[in-house]
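Below: work03.cif (mmCIF, C-alpha atoms and all ligand atoms)
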data_data
loop_
_atom_site.group_PDB
_atom_site.id
_atom_site.type_symbol
_atom_site.label_atom_id
_atom_site.label_comp_id
_atom_site.auth_asym_id
_atom_site.auth_seq_id
_atom_site.Cartn_x
_atom_site.Cartn_y
_atom_site.Cartn_z
ATOM 1 C CA ARG A 1 0.000 0.000 0.000
ATOM 2 C CA THR A 2 1.178 3.482 -0.832
ATOM 3 C CA VAL A 3 0.762 6.073 1.913
ATOM 4 C CA TYR A 4 1.350 9.815 2.116
ATOM 5 C CA VAL A 5 3.601 11.497 4.642
ATOM 6 C CA ASN A 6 4.653 15.155 4.579
ATOM 7 C CA GLY A 7 4.697 15.657 0.822
ATOM 8 C CA GLU A 8 5.813 12.165 -0.192
ATOM 9 C CA TYR A 9 4.019 9.107 -1.532
ATOM 10 C CA LEU A 10 5.801 6.057 -0.132
ATOM 11 C CA PRO A 11 5.352 2.333 0.460
ATOM 12 C CA GLU A 12 3.851 2.024 3.978
ATOM 13 C CA THR A 13 6.990 0.267 5.255
ATOM 14 C CA GLU A 14 9.111 3.300 4.361
ATOM 15 C CA ALA A 15 6.896 6.056 5.796
ATOM 16 C CA LYS A 16 8.307 7.497 8.999
ATOM 17 C CA VAL A 17 7.308 10.016 11.683
ATOM 18 C CA SER A 18 9.568 11.280 14.480
ATOM 19 C CA ILE A 19 9.330 9.808 17.998
ATOM 20 C CA PHE A 20 9.115 13.466 19.134
ATOM 21 C CA ASP A 21 5.939 14.008 17.159
ATOM 22 C CA ARG A 22 3.406 15.546 19.565
ATOM 23 C CA ALA A 23 0.631 13.217 18.456
ATOM 24 C CA PHE A 24 2.767 10.283 19.576
ATOM 25 C CA LEU A 25 3.800 11.896 22.879
ATOM 26 C CA MET A 26 0.662 13.879 23.764
ATOM 27 C CA GLY A 27 -2.208 12.964 21.508
ATOM 28 C CA ASP A 28 -1.714 16.409 19.973
ATOM 29 C CA GLY A 29 -3.274 15.709 16.615
ATOM 30 C CA VAL A 30 -6.576 15.673 14.762
ATOM 31 C CA TYR A 31 -7.945 13.347 12.116
ATOM 32 C CA GLU A 32 -10.654 12.697 9.558
ATOM 33 C CA VAL A 33 -11.985 9.559 7.915
ATOM 34 C CA THR A 34 -13.605 9.957 4.512
ATOM 35 C CA SER A 35 -15.319 7.013 2.875
ATOM 36 C CA VAL A 36 -14.873 5.999 -0.740
ATOM 37 C CA LEU A 37 -17.647 4.545 -2.902
ATOM 38 C CA ASP A 38 -17.256 3.809 -6.632
ATOM 39 C CA GLY A 39 -13.691 5.120 -6.300
ATOM 40 C CA LYS A 40 -15.034 8.558 -5.267
ATOM 41 C CA LEU A 41 -14.936 10.551 -2.036
ATOM 42 C CA ILE A 42 -18.101 10.854 0.056
ATOM 43 C CA ASP A 43 -18.744 14.207 1.763
ATOM 44 C CA PHE A 44 -15.176 15.433 1.219
ATOM 45 C CA ASP A 45 -16.164 19.088 1.685
ATOM 46 C CA GLY A 46 -17.763 18.363 5.052
ATOM 47 C CA HIS A 47 -14.702 16.511 6.300
ATOM 48 C CA ALA A 48 -12.367 19.245 5.050
ATOM 49 C CA ALA A 49 -14.473 21.919 6.781
ATOM 50 C CA ARG A 50 -14.512 19.995 10.065
ATOM 51 C CA LEU A 51 -10.744 19.469 9.828
ATOM 52 C CA ALA A 52 -10.250 23.224 9.418
ATOM 53 C CA ARG A 53 -12.436 23.795 12.479
ATOM 54 C CA SER A 54 -10.557 21.212 14.593
ATOM 55 C CA LEU A 55 -7.243 22.863 13.625
ATOM 56 C CA LYS A 56 -8.550 26.313 14.485
ATOM 57 C CA GLU A 57 -9.927 25.237 17.874
ATOM 58 C CA LEU A 58 -6.510 23.823 18.794
ATOM 59 C CA ASP A 59 -4.523 26.720 17.375
ATOM 60 C CA MET A 60 -2.831 24.325 14.982
ATOM 61 C CA GLN A 61 -1.523 25.210 11.529
ATOM 62 C CA ALA A 62 -3.091 23.771 8.399
ATOM 63 C CA PRO A 63 -0.477 21.666 6.585
ATOM 64 C CA CYS A 64 -1.784 22.659 3.143
ATOM 65 C CA THR A 65 -4.858 23.977 1.335
ATOM 66 C CA THR A 66 -8.141 22.076 0.978
ATOM 67 C CA GLU A 67 -7.507 21.792 -2.775
ATOM 68 C CA GLU A 68 -4.169 20.110 -2.069
ATOM 69 C CA LEU A 69 -5.830 17.785 0.440
ATOM 70 C CA LEU A 70 -8.391 16.790 -2.166
ATOM 71 C CA GLU A 71 -5.618 16.057 -4.644
ATOM 72 C CA ILE A 72 -3.763 13.865 -2.113
ATOM 73 C CA HIS A 73 -6.973 11.972 -1.276
ATOM 74 C CA ARG A 74 -7.695 11.355 -4.952
ATOM 75 C CA LYS A 75 -4.147 10.326 -5.770
ATOM 76 C CA LEU A 76 -4.003 7.783 -2.916
ATOM 77 C CA VAL A 77 -7.396 6.337 -3.899
ATOM 78 C CA GLU A 78 -6.163 5.964 -7.449
ATOM 79 C CA ILE A 79 -2.697 4.551 -6.685
ATOM 80 C CA ASN A 80 -4.153 1.997 -4.272
ATOM 81 C CA GLY A 81 -7.094 1.146 -6.540
ATOM 82 C CA ILE A 82 -9.730 1.773 -3.865
ATOM 83 C CA GLU A 83 -13.296 1.254 -5.100
ATOM 84 C CA GLU A 84 -14.863 0.971 -1.642
ATOM 85 C CA GLY A 85 -13.098 1.874 1.553
ATOM 86 C CA MET A 86 -11.752 4.802 3.505
ATOM 87 C CA VAL A 87 -9.104 7.489 3.474
ATOM 88 C CA TYR A 88 -7.617 8.237 6.901
ATOM 89 C CA LEU A 89 -5.996 11.649 7.375
ATOM 90 C CA GLN A 90 -4.089 12.895 10.394
ATOM 91 C CA VAL A 91 -2.578 16.303 11.115
ATOM 92 C CA THR A 92 -0.372 16.736 14.167
ATOM 93 C CA ARG A 93 1.283 19.762 15.695
ATOM 94 C CA GLY A 94 4.539 18.261 14.515
ATOM 95 C CA ALA A 95 7.772 17.124 16.086
ATOM 96 C CA ALA A 96 9.354 19.612 18.485
ATOM 97 C CA ALA A 97 13.049 19.286 19.398
ATOM 98 C CA ASP A 98 12.146 17.843 22.786
ATOM 99 C CA ARG A 99 9.160 16.843 24.900
ATOM 100 C CA ASP A 100 7.427 19.926 26.263
ATOM 101 C CA PHE A 101 3.817 20.579 27.303
ATOM 102 C CA VAL A 102 3.973 24.090 25.855
ATOM 103 C CA PHE A 103 3.119 24.299 22.147
ATOM 104 C CA PRO A 104 6.220 24.814 19.992
ATOM 105 C CA ASP A 105 6.660 27.981 17.938
ATOM 106 C CA PRO A 106 4.733 27.441 14.678
ATOM 107 C CA GLU A 107 7.534 29.238 12.826
ATOM 108 C CA GLU A 108 9.936 26.482 13.855
ATOM 109 C CA VAL A 109 7.803 23.355 13.980
ATOM 110 C CA LYS A 110 5.667 22.451 10.984
ATOM 111 C CA PRO A 111 2.608 20.188 11.217
ATOM 112 C CA THR A 112 2.867 16.520 10.279
ATOM 113 C CA LEU A 113 0.433 15.310 7.613
ATOM 114 C CA VAL A 114 -0.208 11.602 7.129
ATOM 115 C CA LEU A 115 -2.802 9.889 4.932
ATOM 116 C CA PHE A 116 -3.454 6.242 4.147
ATOM 117 C CA THR A 117 -6.243 4.263 2.518
ATOM 118 C CA GLN A 118 -8.170 1.245 3.772
ATOM 119 C CA ASN A 119 -9.664 -1.101 1.218
ATOM 120 C CA LYS A 120 -13.121 -2.298 2.357
ATOM 121 C CA PRO A 121 -14.966 -4.082 -0.421
ATOM 122 C CA GLY A 122 -18.634 -4.513 0.535
ATOM 123 C CA LEU A 123 -18.713 -1.387 2.691
ATOM 124 C CA ALA A 124 -22.053 -0.248 1.222
ATOM 125 C CA ASP A 125 -23.590 -3.719 0.874
ATOM 126 C CA SER A 126 -22.709 -4.501 4.481
ATOM 127 C CA PRO A 127 -23.887 -7.776 6.086
ATOM 128 C CA ALA A 128 -23.923 -5.933 9.456
ATOM 129 C CA ALA A 129 -26.544 -3.502 8.131
ATOM 130 C CA LYS A 130 -28.846 -6.440 7.272
ATOM 131 C CA LYS A 131 -28.511 -7.875 10.766
ATOM 132 C CA GLY A 132 -28.210 -4.677 12.773
ATOM 133 C CA ILE A 133 -25.860 -4.170 15.697
ATOM 134 C CA LYS A 134 -26.204 -4.593 19.462
ATOM 135 C CA VAL A 135 -24.930 -1.980 21.900
ATOM 136 C CA ILE A 136 -24.398 -1.609 25.629
ATOM 137 C CA SER A 137 -24.333 1.668 27.517
ATOM 138 C CA ILE A 138 -21.248 2.869 29.359
ATOM 139 C CA GLU A 139 -20.405 5.997 31.304
ATOM 140 C CA ASP A 140 -18.984 8.830 29.171
ATOM 141 C CA VAL A 141 -15.766 9.857 30.913
ATOM 142 C CA ARG A 142 -14.122 11.694 27.982
ATOM 143 C CA TRP A 143 -12.877 15.286 28.109
ATOM 144 C CA GLY A 144 -15.135 18.300 27.483
ATOM 145 C CA ARG A 145 -14.198 19.074 23.876
ATOM 146 C CA ARG A 146 -15.607 16.100 22.011
ATOM 147 C CA ASP A 147 -16.508 18.434 19.152
ATOM 148 C CA ILE A 148 -12.814 18.477 18.203
ATOM 149 C CA LYS A 149 -11.820 15.321 16.345
ATOM 150 C CA THR A 150 -8.571 14.580 18.182
ATOM 151 C CA VAL A 151 -6.583 11.347 18.077
ATOM 152 C CA GLN A 152 -7.162 10.896 21.830
ATOM 153 C CA LEU A 153 -9.147 7.724 21.284
ATOM 154 C CA LEU A 154 -8.192 5.654 24.320
ATOM 155 C CA TYR A 155 -11.588 5.794 26.016
ATOM 156 C CA PRO A 156 -13.566 5.026 22.830
ATOM 157 C CA SER A 157 -11.150 2.144 22.358
ATOM 158 C CA MET A 158 -11.822 0.933 25.926
ATOM 159 C CA GLY A 159 -15.547 1.276 25.221
ATOM 160 C CA LYS A 160 -15.273 -0.999 22.180
ATOM 161 C CA MET A 161 -13.403 -3.505 24.374
ATOM 162 C CA MET A 162 -16.163 -3.378 27.011
ATOM 163 C CA ALA A 163 -18.679 -4.038 24.232
ATOM 164 C CA LYS A 164 -16.608 -6.925 22.922
ATOM 165 C CA LYS A 165 -16.341 -8.484 26.386
ATOM 166 C CA ALA A 166 -20.112 -8.114 26.770
ATOM 167 C CA GLY A 167 -20.564 -9.986 23.486
ATOM 168 C CA VAL A 168 -22.016 -7.019 21.581
ATOM 169 C CA ASP A 169 -20.863 -4.739 18.784
ATOM 170 C CA ASP A 170 -20.471 -1.273 20.271
ATOM 171 C CA ALA A 171 -21.228 1.042 23.182
ATOM 172 C CA TRP A 172 -23.319 4.185 23.619
ATOM 173 C CA MET A 173 -21.908 6.629 26.119
ATOM 174 C CA VAL A 174 -24.062 8.226 28.815
ATOM 175 C CA GLU A 175 -23.407 11.424 30.744
ATOM 176 C CA ASP A 176 -25.677 12.767 33.523
ATOM 177 C CA GLY A 177 -28.235 10.166 32.506
ATOM 178 C CA PHE A 178 -28.362 11.145 28.819
ATOM 179 C CA VAL A 179 -26.833 9.467 25.777
ATOM 180 C CA THR A 180 -24.040 11.524 24.234
ATOM 181 C CA GLU A 181 -22.981 9.358 21.275
ATOM 182 C CA GLY A 182 -21.500 6.006 20.270
ATOM 183 C CA THR A 183 -17.779 5.290 20.717
ATOM 184 C CA SER A 184 -17.155 6.248 17.082
ATOM 185 C CA ASN A 185 -20.560 7.314 15.802
ATOM 186 C CA ASN A 186 -23.634 9.426 16.530
ATOM 187 C CA ALA A 187 -26.667 7.801 18.172
ATOM 188 C CA TYR A 188 -30.378 8.042 17.282
ATOM 189 C CA PHE A 189 -33.750 6.464 17.926
ATOM 190 C CA ILE A 190 -36.947 6.584 15.893
ATOM 191 C CA LYS A 191 -40.437 6.836 17.391
ATOM 192 C CA GLY A 192 -43.291 7.123 14.943
ATOM 193 C CA ASN A 193 -42.027 9.383 12.166
ATOM 194 C CA LYS A 194 -39.636 11.236 14.451
ATOM 195 C CA ILE A 195 -35.850 10.866 14.483
ATOM 196 C CA VAL A 196 -34.408 11.853 17.867
ATOM 197 C CA THR A 197 -30.710 12.616 18.380
ATOM 198 C CA ARG A 198 -28.701 14.748 20.788
ATOM 199 C CA ALA A 199 -28.257 18.383 19.764
ATOM 200 C CA LEU A 200 -24.835 19.670 18.688
ATOM 201 C CA SER A 201 -22.596 21.100 21.416
ATOM 202 C CA ASN A 202 -19.092 20.503 22.759
ATOM 203 C CA ASP A 203 -20.430 17.222 24.217
ATOM 204 C CA ILE A 204 -20.409 15.324 20.915
ATOM 205 C CA LEU A 205 -18.615 15.166 17.607
ATOM 206 C CA HIS A 206 -20.483 17.030 14.897
ATOM 207 C CA GLY A 207 -20.810 14.059 12.579
ATOM 208 C CA ILE A 208 -20.608 14.737 8.873
ATOM 209 C CA THR A 209 -22.863 11.737 8.247
ATOM 210 C CA ARG A 210 -25.229 13.068 10.943
ATOM 211 C CA ALA A 211 -25.594 16.373 9.098
ATOM 212 C CA ALA A 212 -26.328 14.595 5.816
ATOM 213 C CA VAL A 213 -28.820 12.126 7.285
ATOM 214 C CA LEU A 214 -30.754 14.870 9.090
ATOM 215 C CA ARG A 215 -30.856 16.795 5.799
ATOM 216 C CA PHE A 216 -32.304 13.715 4.052
ATOM 217 C CA ALA A 217 -34.905 13.054 6.772
ATOM 218 C CA ALA A 218 -37.548 15.028 4.894
ATOM 219 C CA GLU A 219 -37.029 12.824 1.830
ATOM 220 C CA ALA A 220 -37.946 9.855 4.054
ATOM 221 C CA GLN A 221 -41.041 11.766 5.297
ATOM 222 C CA MET A 222 -39.523 11.992 8.747
ATOM 223 C CA GLU A 223 -39.155 14.752 11.296
ATOM 224 C CA VAL A 224 -36.064 15.525 13.335
ATOM 225 C CA GLU A 225 -35.936 16.337 17.027
ATOM 226 C CA GLU A 226 -32.537 17.334 18.419
ATOM 227 C CA ARG A 227 -32.611 16.861 22.191
ATOM 228 C CA ASN A 228 -31.274 14.827 25.089
ATOM 229 C CA PHE A 229 -32.588 11.287 25.533
ATOM 230 C CA THR A 230 -32.059 8.405 27.933
ATOM 231 C CA ILE A 231 -31.227 4.764 27.320
ATOM 232 C CA ALA A 232 -34.705 3.823 28.612
ATOM 233 C CA GLU A 233 -36.351 6.067 26.013
ATOM 234 C CA ALA A 234 -34.260 4.559 23.210
ATOM 235 C CA GLN A 235 -35.059 1.031 24.431
ATOM 236 C CA ALA A 236 -38.770 1.851 24.225
ATOM 237 C CA ALA A 237 -38.454 3.297 20.705
ATOM 238 C CA ASP A 238 -39.527 1.659 17.424
ATOM 239 C CA GLU A 239 -36.027 1.679 15.967
ATOM 240 C CA ALA A 240 -32.526 2.936 16.629
ATOM 241 C CA PHE A 241 -29.426 3.506 14.552
ATOM 242 C CA ILE A 242 -25.963 5.031 14.446
ATOM 243 C CA THR A 243 -24.185 7.057 11.770
ATOM 244 C CA SER A 244 -20.532 7.532 10.838
ATOM 245 C CA ALA A 245 -18.425 7.888 7.712
ATOM 246 C CA SER A 246 -17.445 4.217 7.861
ATOM 247 C CA THR A 247 -20.861 2.708 8.750
ATOM 248 C CA PHE A 248 -23.173 5.223 6.997
ATOM 249 C CA VAL A 249 -26.544 4.474 8.652
ATOM 250 C CA MET A 250 -26.349 1.295 10.745
ATOM 251 C CA PRO A 251 -29.467 -0.105 12.438
ATOM 252 C CA VAL A 252 -29.241 -0.848 16.176
ATOM 253 C CA VAL A 253 -31.393 -3.811 17.229
ATOM 254 C CA GLU A 254 -30.552 -4.185 20.909
ATOM 255 C CA ILE A 255 -29.615 -1.779 23.724
ATOM 256 C CA ASP A 256 -28.372 -3.157 27.065
ATOM 257 C CA GLY A 257 -29.989 -6.528 26.346
ATOM 258 C CA ALA A 258 -33.394 -5.103 25.371
ATOM 259 C CA ALA A 259 -34.433 -5.844 21.796
ATOM 260 C CA LEU A 260 -35.984 -3.011 19.791
ATOM 261 C CA GLY A 261 -39.212 -3.903 18.009
ATOM 262 C CA ASP A 262 -38.872 -7.455 16.737
ATOM 263 C CA GLY A 263 -35.076 -7.408 17.032
ATOM 264 C CA ALA A 264 -34.484 -6.949 13.300
ATOM 265 C CA PRO A 265 -33.326 -3.726 11.554
ATOM 266 C CA GLY A 266 -36.229 -1.324 11.267
ATOM 267 C CA PRO A 267 -37.660 -0.224 7.893
ATOM 268 C CA ARG A 268 -37.094 3.491 8.505
ATOM 269 C CA ALA A 269 -33.433 3.099 9.442
ATOM 270 C CA LEU A 270 -32.913 0.925 6.366
ATOM 271 C CA ARG A 271 -34.701 3.497 4.211
ATOM 272 C CA LEU A 272 -32.469 6.270 5.618
ATOM 273 C CA ARG A 273 -29.417 4.133 4.809
ATOM 274 C CA GLU A 274 -30.667 3.653 1.255
ATOM 275 C CA ILE A 275 -31.318 7.379 0.760
ATOM 276 C CA TYR A 276 -27.957 8.301 2.316
ATOM 277 C CA LEU A 277 -26.059 5.913 0.030
ATOM 278 C CA GLU A 278 -27.965 7.007 -3.064
ATOM 279 C CA GLU A 279 -27.582 10.747 -2.414
ATOM 280 C CA SER A 280 -23.942 10.461 -1.336
ATOM 281 C CA ARG A 281 -23.027 8.461 -4.412
ATOM 282 C CA LYS A 282 -24.611 11.155 -6.597
ATOM 283 C CA ALA A 283 -22.676 13.927 -4.828
ATOM 284 C CA ALA A 284 -19.359 12.033 -4.523
ATOM 285 C CA ILE A 285 -16.274 13.657 -6.035
HETATM 286 N N1 LIG B 1 -18.899 10.551 17.098
HETATM 287 C C1 LIG B 1 -17.649 10.102 17.321
HETATM 288 C C2 LIG B 1 -17.145 10.052 18.720
HETATM 289 C C3 LIG B 1 -16.839 9.676 16.248
HETATM 290 O O1 LIG B 1 -15.603 9.241 16.483
HETATM 291 C C4 LIG B 1 -17.372 9.719 14.933
HETATM 292 C C5 LIG B 1 -16.581 9.303 13.777
HETATM 293 O O2 LIG B 1 -15.457 8.930 13.850
HETATM 294 C C6 LIG B 1 -18.682 10.167 14.744
HETATM 295 C C7 LIG B 1 -19.402 10.607 15.851
HETATM 296 C C8 LIG B 1 -19.298 10.229 13.375
HETATM 297 O O3 LIG B 1 -18.775 11.275 12.607
HETATM 298 P P1 LIG B 1 -18.741 11.201 11.017
HETATM 299 O O4 LIG B 1 -20.155 10.971 10.576
HETATM 300 O O5 LIG B 1 -18.246 12.512 10.600
HETATM 301 O O6 LIG B 1 -17.837 10.055 10.663
#

Conversion result in structure tokens:
Amino acid sequence: RTVYVNGEYLPETEAKVSIFDRAFLMGDGVYEVTSVLDGKLIDFDGHAARLARSLKELDMQAPCTTEELLEIHRKLVEINGIEEGMVYLQVTRGAAADRDFVFPDPEEVKPTLVLFTQNKPGLADSPAAKKGIKVISIEDVRWGRRDIKTVQLLYPSMGKMMAKKAGVDDAWMVEDGFVTEGTSNNAYFIKGNKIVTRALSNDILHGITRAAVLRFAAEAQMEVEERNFTIAEAQAADEAFITSASTFVMPVVEIDGAALGDGAPGPRALRLREIYLEESRKAAI
């Protein structure tokens, strides 16, 4: 596989980043994951805009322009022959001369930019989407700026491990009694023709897939309600689902051991998935 690191396209075994890189030492980096369907990028503009916002919030320099980023994405997709899969991008504050909590002078230390592709044939025609996924709830103990897409993913990683140990697929995080989001996705339930999901704030990541799906809700004759909700309310709902760039719209069929409806993916979640895939394919670049 060919990867990109700081201006160079290299075999993955030859790509190198300094041990003093601040993402390695301090989690001082941000990332984006953009999916690829039919060899084209889904929602690239949304991901590029969120990246710019993450960089700004952390006072981090942009490594290059959005046009250049698009070119790198496209080149990697082409070189690696990706029809369905993902492009992972990471920007870090760079490698200072030594370990120091204080940010280095941006004149002296340039950001690190790394991109690689992941080939995932069958991403759209996913067997998981036909079966639905099961989740457990766990306490949300992450920091207070979850709206910034940092590489500090230890707790989400622990959450996925808790889910795995519990014999399910993922975890929804709960803070002060209300669901924030999934470990790597946004969380929703459906009651009647209403889609309910937590409102945007610093408490959750502003999902690019979330924005698109809420935009398409009207096409599915559904209404959107952005508000706090509990696990009990989601368990009593007709359907539930998650969204992310790598899962699109994924039905949830069980929450903390309680099956939703008849325990199979619900028709509205599946319809939203269909609309999302269709519209995203049309708009892909
Ligand atoms: N919430 C969290 C915590 C995430 O990590 C992600 C994606 O990685 C999402 C939500 C979904 O965001 P997007 O739809 O932009 O992939």

Expansion of the PyMOL selection byres (((chain A and resi 141-155) around 7) and not hetatm) into residues, as a ChimeraX atom specification
/A:27,29-31,54,139-140,156-159,202-206

Dig up all the protein and nucleic acid residues within 7 Å of (-35.4, 8.7, 5.3) in the file frame, using only C-alpha atoms, and format them as a list in words.
Phe216, Ala217, Ala218, Glu219, Ala220, Gln221, Met222, Arg268, Arg271, Leu272 and Ile275 of chain A

Output C-alpha atoms for every residue in that selection, as a PDB file, keeping the file's coordinate frame.
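Output file part-v1.pdb follows:
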ATOM      1  CA  PHE A 216     -32.304  13.715   4.052  1.00  0.00           C
ATOM      2  CA  ALA A 217     -34.905  13.054   6.772  1.00  0.00           C
ATOM      3  CA  ALA A 218     -37.548  15.028   4.894  1.00  0.00           C
ATOM      4  CA  GLU A 219     -37.029  12.824   1.830  1.00  0.00           C
ATOM      5  CA  ALA A 220     -37.946   9.855   4.054  1.00  0.00           C
ATOM      6  CA  GLN A 221     -41.041  11.766   5.297  1.00  0.00           C
ATOM      7  CA  MET A 222     -39.523  11.992   8.747  1.00  0.00           C
ATOM      8  CA  ARG A 268     -37.094   3.491   8.505  1.00  0.00           C
ATOM      9  CA  ARG A 271     -34.701   3.497   4.211  1.00  0.00           C
ATOM     10  CA  LEU A 272     -32.469   6.270   5.618  1.00  0.00           C
ATOM     11  CA  ILE A 275     -31.318   7.379   0.760  1.00  0.00           C
TER      12      ILE A 275
END

Residues up to 6 Å from ligand LIG 1 (chain B), counting all atoms listed in the file: could you list those as JSON, numbers by chain?
{"A": [181, 183, 184, 185, 186, 205, 207, 208, 209, 210, 243, 244, 245]}

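Among A:Ile190, A:Ala96, A:Ala124, A:Val253, the residue with the shortest atom-to-atom distance to Asp170 (chain A), counting all atoms listed in the file, is A:Val253.
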
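Comparing the minimum interatomic distances between Cys64 (chain A) and each of A:Val174, A:Val179, A:Leu25, A:Leu113, counting all atoms listed in the file, we find that A:Leu113 sits nearest.
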
Since the input has fewer atoms than a full residue there, write region 184-206 of chain A out with N, CA and C atoms, as an mmCIF file, keeping the file's coordinate frame.
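File out-v1.cif, as written:
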data_model
loop_
_atom_site.group_PDB
_atom_site.id
_atom_site.type_symbol
_atom_site.label_atom_id
_atom_site.label_comp_id
_atom_site.auth_asym_id
_atom_site.auth_seq_id
_atom_site.Cartn_x
_atom_site.Cartn_y
_atom_site.Cartn_z
ATOM 1 N N SER A 184 -17.718 5.660 18.306
ATOM 2 C CA SER A 184 -17.155 6.248 17.082
ATOM 3 C C SER A 184 -18.268 6.593 16.101
ATOM 4 N N ASN A 185 -19.401 7.031 16.652
ATOM 5 C CA ASN A 185 -20.560 7.314 15.802
ATOM 6 C C ASN A 185 -21.588 8.129 16.586
ATOM 7 N N ASN A 186 -22.534 8.710 15.881
ATOM 8 C CA ASN A 186 -23.634 9.426 16.530
ATOM 9 C C ASN A 186 -24.802 8.458 16.729
ATOM 10 N N ALA A 187 -25.609 8.728 17.762
ATOM 11 C CA ALA A 187 -26.667 7.801 18.172
ATOM 12 C C ALA A 187 -28.052 8.413 18.002
ATOM 13 N N TYR A 188 -29.010 7.582 17.584
ATOM 14 C CA TYR A 188 -30.378 8.042 17.282
ATOM 15 C C TYR A 188 -31.400 6.974 17.672
ATOM 16 N N PHE A 189 -32.639 7.417 17.930
ATOM 17 C CA PHE A 189 -33.750 6.464 17.926
ATOM 18 C C PHE A 189 -34.869 7.039 17.095
ATOM 19 N N ILE A 190 -35.796 6.167 16.699
ATOM 20 C CA ILE A 190 -36.947 6.584 15.893
ATOM 21 C C ILE A 190 -38.218 6.180 16.632
ATOM 22 N N LYS A 191 -39.133 7.127 16.795
ATOM 23 C CA LYS A 191 -40.437 6.836 17.391
ATOM 24 C C LYS A 191 -41.473 7.454 16.471
ATOM 25 N N GLY A 192 -42.333 6.626 15.933
ATOM 26 C CA GLY A 192 -43.291 7.123 14.943
ATOM 27 C C GLY A 192 -42.516 7.628 13.736
ATOM 28 N N ASN A 193 -42.790 8.873 13.317
ATOM 29 C CA ASN A 193 -42.027 9.383 12.166
ATOM 30 C C ASN A 193 -40.967 10.396 12.616
ATOM 31 N N LYS A 194 -40.596 10.284 13.896
ATOM 32 C CA LYS A 194 -39.636 11.236 14.451
ATOM 33 C C LYS A 194 -38.267 10.591 14.678
ATOM 34 N N ILE A 195 -37.222 11.289 14.198
ATOM 35 C CA ILE A 195 -35.850 10.866 14.483
ATOM 36 C C ILE A 195 -35.363 11.722 15.644
ATOM 37 N N VAL A 196 -34.908 11.095 16.713
ATOM 38 C CA VAL A 196 -34.408 11.853 17.867
ATOM 39 C C VAL A 196 -32.910 11.618 18.019
ATOM 40 N N THR A 197 -32.161 12.707 18.152
ATOM 41 C CA THR A 197 -30.710 12.616 18.380
ATOM 42 C C THR A 197 -30.267 13.818 19.202
ATOM 43 N N ARG A 198 -29.189 13.668 19.934
ATOM 44 C CA ARG A 198 -28.701 14.748 20.788
ATOM 45 C C ARG A 198 -28.329 15.977 19.953
ATOM 46 N N ALA A 199 -28.592 17.148 20.482
ATOM 47 C CA ALA A 199 -28.257 18.383 19.764
ATOM 48 C C ALA A 199 -26.741 18.592 19.749
ATOM 49 N N LEU A 200 -26.269 19.377 18.778
ATOM 50 C CA LEU A 200 -24.835 19.670 18.688
ATOM 51 C C LEU A 200 -24.394 20.581 19.827
ATOM 52 N N SER A 201 -23.228 20.281 20.373
ATOM 53 C CA SER A 201 -22.596 21.100 21.416
ATOM 54 C C SER A 201 -21.164 20.584 21.524
ATOM 55 N N ASN A 202 -20.443 21.031 22.548
ATOM 56 C CA ASN A 202 -19.092 20.503 22.759
ATOM 57 C C ASN A 202 -19.108 19.058 23.292
ATOM 58 N N ASP A 203 -20.316 18.563 23.630
ATOM 59 C CA ASP A 203 -20.430 17.222 24.217
ATOM 60 C C ASP A 203 -20.285 16.090 23.213
ATOM 61 N N ILE A 204 -20.484 16.397 21.923
ATOM 62 C CA ILE A 204 -20.409 15.324 20.915
ATOM 63 C C ILE A 204 -19.656 15.804 19.670
ATOM 64 N N LEU A 205 -19.220 14.817 18.889
ATOM 65 C CA LEU A 205 -18.615 15.166 17.607
ATOM 66 C C LEU A 205 -19.731 15.548 16.625
ATOM 67 N N HIS A 206 -19.494 16.585 15.872
ATOM 68 C CA HIS A 206 -20.483 17.030 14.897
ATOM 69 C C HIS A 206 -20.328 16.171 13.643
#
